[in-house]
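Data block below; observations after.
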Amino acid sequence: MSERWKLVLLVAAFALAFFLPIENPRVQGALLEGFWLLKDYARQHVLLCLVPAFFIAGAIGRFVSQGAVLRYLGAKASRPLAYGVASVSGSILAVCSCTVLPLFASIYRRGAGLGPATAFLYSGPAINVLAMILTARVLGLQLGLARAIGAVLFAVVVGVLIAFLFRHEEAERQRNGADPFAAAAAAAEQVPRRPWQDASFLATMVAILVLANWGASNQAVGLLAAVYRVHWPLSAALLVALFWMMSRWYSKDELGQWVQATWGFAKQITPLLLVGILVSGWLMGRPGVDAGLMPSSWVASVVGGNSIGANLLSSVVGAFMYFATLTEVPILQTLLGSGMGQGPALALLLSGPALSLPSMLVINSYLGPRKTVAYLSLVVVMATVTGWLYGALFG
């Protein structure tokens, strides 16, 4: 049977090469568009977003006690507490669906329950204060409030449903030990360091991640504009404080193990992300550029009105398309101007930032295909229904 499959793959590869419509201008543009998107991601998101996220994930895996993770996010933790922490924690992170992945992987491996970990996976990119404010300012207060309320509810509901659907597998995972590096973690918990020191270390890295990626405000005055004017000096000051903590509070062995943990996440996640971004660029192009195999003009033409089909298509396209942090707002502004309905707009806001083809590849490597498909399906279905209801009431 394996030899037959090899033959099928060889024949399929030959047929693809033989019939590949490379002479078609649309195909040529789409192939180039994939590499443009990959270049944009490497320039705009790897150094300031992904790399800090890897180091934060490594620090969670190395310095955060497993007892603390289990107390707040574990399978036996109070459900209101676990889901409350998981959903609210995403509000402080202005990250995309890819940057949140190493953070999700770290808390999941440290023993967080499947439900709370999944809630955090959704909330990280979907519930951040900057995105909510920008949505309300650009797209209107009504749509901004709908996005904020829907995203918080989605994080909790998706987490609860995933935990229920896979409760038997999750119970087995918890019995066998969620963290494959339990021995190293146990050794870390014996280090004579106060909890507030590790908390300060992590909080400083999170603050650097948020400030370094602080976007320009569309107004010259106000808190957002004021922070933007000083976000680089603040980031530099926090970086100095971080190095001071490293030199005073941590031994060389601990720092070396932290770097090893960071490298473990980087080598597992980065290749899948880059391949996924390349394929996403081929299919749909860069945000705002109509050069992918699926024309954005065609998408805009079929998501007008408020039919179930229009909301479903908007949810699916949003789920597979890659959105950098906050870019979904100007994209939707353009689509709404082209005739997109209010319901499909909300459906895209609820599915797009939290999902992307690159993130699905990484999620699959940690959760497996069944849980990944379940997570994708829940987000798409819930976004579709919510968008349809919103369009019926306020469209």
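The chains in the structure tokens are called A, B, ... from first to last as shown; in each chain the residues are counted from 1, and the ligands are counted from 1 in the order shown.
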For A:Glu170, list every protein, DNA or RNA residue within 9 Å, evaluated using only C-alpha atoms, and leave out those in the same chain fewer than 3 positions away; present the list as a PDB file with C-alpha atoms, in the first residue's frame.
```pdb
ATOM      1  CA  ALA A  75      -7.998  21.155  34.397  1.00  0.00           C
ATOM      2  CA  GLY A 113      -6.217  22.572  30.690  1.00  0.00           C
ATOM      3  CA  LEU A 114      -7.202  22.178  27.052  1.00  0.00           C
ATOM      4  CA  ALA A 163     -12.792  20.893  26.654  1.00  0.00           C
ATOM      5  CA  PHE A 166     -12.194  16.066  24.140  1.00  0.00           C
ATOM      6  CA  ARG A 167     -12.724  15.584  27.880  1.00  0.00           C
ATOM      7  CA  ARG A 173      -3.187  13.803  29.201  1.00  0.00           C
ATOM      8  CA  GLN A 174      -3.476  15.201  32.712  1.00  0.00           C
ATOM      9  CA  ARG A 175      -2.985  11.744  34.260  1.00  0.00           C
TER      10      ARG A 175
END
```
- Non-local contacts of A:Ile127 (8 Å; only C-alpha atoms; under 4 positions in same chain excluded) as a ChimeraX atom specification: /A:87-88,90-91,123,131-132,148,151-152
Hey, can you spit out that residue selection with N, CA and C atoms as a tab-separated table (two decimals), in the first residue's frame?
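Written out: part-v7.tsv:
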```
chain	number	residue	atom	x	y	z
A	87	SER	N	-9.18	34.43	29.06
A	87	SER	CA	-9.77	35.40	28.13
A	87	SER	C	-9.25	36.81	28.37
A	88	VAL	N	-9.10	37.20	29.63
A	88	VAL	CA	-8.65	38.55	29.93
A	88	VAL	C	-7.17	38.74	29.59
A	90	GLY	N	-5.51	37.83	27.16
A	90	GLY	CA	-5.29	38.21	25.77
A	90	GLY	C	-5.46	39.69	25.51
A	91	SER	N	-6.17	40.38	26.39
A	91	SER	CA	-6.47	41.79	26.14
A	91	SER	C	-5.23	42.67	26.20
A	123	SER	N	-8.17	34.25	22.45
A	123	SER	CA	-8.23	35.61	23.00
A	123	SER	C	-6.98	36.43	22.68
A	131	ALA	N	-6.97	46.88	19.20
A	131	ALA	CA	-7.84	46.48	18.09
A	131	ALA	C	-9.27	46.93	18.33
A	132	MET	N	-9.74	46.82	19.57
A	132	MET	CA	-11.11	47.23	19.88
A	132	MET	C	-11.29	48.73	19.68
A	148	ALA	N	-15.99	43.49	20.47
A	148	ALA	CA	-15.44	43.30	21.81
A	148	ALA	C	-16.24	42.26	22.59
A	151	ALA	N	-15.93	38.71	20.91
A	151	ALA	CA	-14.63	38.07	21.06
A	151	ALA	C	-14.45	37.49	22.46
A	152	VAL	N	-14.87	38.22	23.49
A	152	VAL	CA	-14.77	37.70	24.86
A	152	VAL	C	-15.62	36.45	25.03
```
- Message: For the helix (DSSP H, G or I) assignment from backbone DSSP, which residues of stretch 171-329 of chain A qualify? Please present them as a ChimeraX atom specification.
- Response: /A:171-176,182-188,195-212,223-229,231-249,252-284,296-302,308-320,328-329
- Would you mind telling me which residue in A:Leu376, A:Val69, A:Ile269, A:Ala82 lies nearest to A:Phe320 when using only C-alpha atoms? A:Leu376
- Note on the structure: Using only C-alpha atoms, the shortest atom-to-atom distance to A:Ala155 among A:Ile60, A:Ile107, A:Ala310, A:Ala117 belongs to A:Ala117
- Residues near A:Lys39, cut-off 10 Å, only C-alpha atoms, skip fewer than 5 positions along chain, as a VMD selection string: chain A and resid 33 to 34 44 to 45 274 277 to 278
Please, could you write that set of residues out with N, CA and C atoms as a JSON list (two decimals), in the first residue's frame?
```json
[["chain", "number", "residue", "atom", "x", "y", "z"],
["A", 33, "GLU", "N", 3.25, 37.10, -5.23],
["A", 33, "GLU", "CA", 2.58, 37.68, -4.07],
["A", 33, "GLU", "C", 2.89, 36.90, -2.80],
["A", 34, "GLY", "N", 3.00, 35.56, -2.93],
["A", 34, "GLY", "CA", 3.34, 34.74, -1.78],
["A", 34, "GLY", "C", 4.69, 35.13, -1.20],
["A", 44, "GLN", "N", 8.44, 42.78, 9.18],
["A", 44, "GLN", "CA", 7.59, 43.53, 10.10],
["A", 44, "GLN", "C", 7.24, 42.78, 11.37],
["A", 45, "HIS", "N", 7.36, 41.45, 11.37],
["A", 45, "HIS", "CA", 6.80, 40.70, 12.50],
["A", 45, "HIS", "C", 7.75, 39.72, 13.17],
["A", 274, "LEU", "N", 6.35, 29.88, 8.26],
["A", 274, "LEU", "CA", 6.83, 30.44, 7.00],
["A", 274, "LEU", "C", 6.19, 29.75, 5.80],
["A", 277, "ILE", "N", 2.54, 30.97, 5.62],
["A", 277, "ILE", "CA", 2.42, 32.35, 5.12],
["A", 277, "ILE", "C", 2.64, 32.39, 3.62],
["A", 278, "LEU", "N", 3.58, 31.61, 3.12],
["A", 278, "LEU", "CA", 3.84, 31.57, 1.69],
["A", 278, "LEU", "C", 2.61, 31.06, 0.94]]
```
- Correct to one decimal, the distance atom CA of A:Gly159-atom CA of A:Pro116 is 5.8 Å
Quick one: residues within 8 Å of A:Leu70, only C-alpha atoms counted, chain neighbours fewer than 6 positions away excluded, as a PDB file with all heavy atoms, in the first residue's frame?
```
ATOM      1  N   LYS A  76      -8.196  21.163  36.855  1.00  0.00           N
ATOM      2  CA  LYS A  76      -8.925  21.117  38.113  1.00  0.00           C
ATOM      3  C   LYS A  76      -9.129  22.499  38.729  1.00  0.00           C
ATOM      4  O   LYS A  76      -9.695  22.614  39.812  1.00  0.00           O
ATOM      5  CB  LYS A  76      -8.181  20.217  39.104  1.00  0.00           C
ATOM      6  CG  LYS A  76      -8.115  18.761  38.659  1.00  0.00           C
ATOM      7  CD  LYS A  76      -7.403  17.895  39.697  1.00  0.00           C
ATOM      8  CE  LYS A  76      -7.340  16.441  39.246  1.00  0.00           C
ATOM      9  NZ  LYS A  76      -6.642  15.586  40.242  1.00  0.00           N
ATOM     10  N   ALA A  77      -8.669  23.541  38.049  1.00  0.00           N
ATOM     11  CA  ALA A  77      -8.863  24.895  38.558  1.00  0.00           C
ATOM     12  C   ALA A  77     -10.331  25.294  38.441  1.00  0.00           C
ATOM     13  O   ALA A  77     -11.094  24.719  37.658  1.00  0.00           O
ATOM     14  CB  ALA A  77      -7.990  25.878  37.784  1.00  0.00           C
ATOM     15  N   GLY A 111       0.895  22.436  31.617  1.00  0.00           N
ATOM     16  CA  GLY A 111      -0.185  21.805  32.352  1.00  0.00           C
ATOM     17  C   GLY A 111      -1.513  22.510  32.293  1.00  0.00           C
ATOM     18  O   GLY A 111      -2.464  22.082  32.954  1.00  0.00           O
ATOM     19  N   ALA A 112      -1.619  23.598  31.534  1.00  0.00           N
ATOM     20  CA  ALA A 112      -2.913  24.271  31.411  1.00  0.00           C
ATOM     21  C   ALA A 112      -3.920  23.320  30.793  1.00  0.00           C
ATOM     22  O   ALA A 112      -3.597  22.524  29.907  1.00  0.00           O
ATOM     23  CB  ALA A 112      -2.785  25.525  30.549  1.00  0.00           C
ATOM     24  N   GLY A 113      -5.163  23.392  31.253  1.00  0.00           N
ATOM     25  CA  GLY A 113      -6.217  22.572  30.690  1.00  0.00           C
ATOM     26  C   GLY A 113      -6.450  22.918  29.239  1.00  0.00           C
ATOM     27  O   GLY A 113      -6.194  24.039  28.788  1.00  0.00           O
TER      28      GLY A 113
END
```
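Summary of the local environment: counting only C-alpha atoms, residues at most 7 Å from A:Met321, other than itself and those fewer than 2 positions away along its chain, are Ser280, Met284, Val317, Gly318, Ala319, Phe323, Gly352, Ser356 and Leu357 of chain A.
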- Within 12 Å of A:Leu121 using only C-alpha atoms, minus same-chain residues under 3 positions, as number ranges by chain: A: 83, 86-91, 93, 95-108, 112, 114-118, 124-127, 151, 154-156, 158-159, 162, 353-355, 359-360, 362-363, 367, 372, 375-376, 379
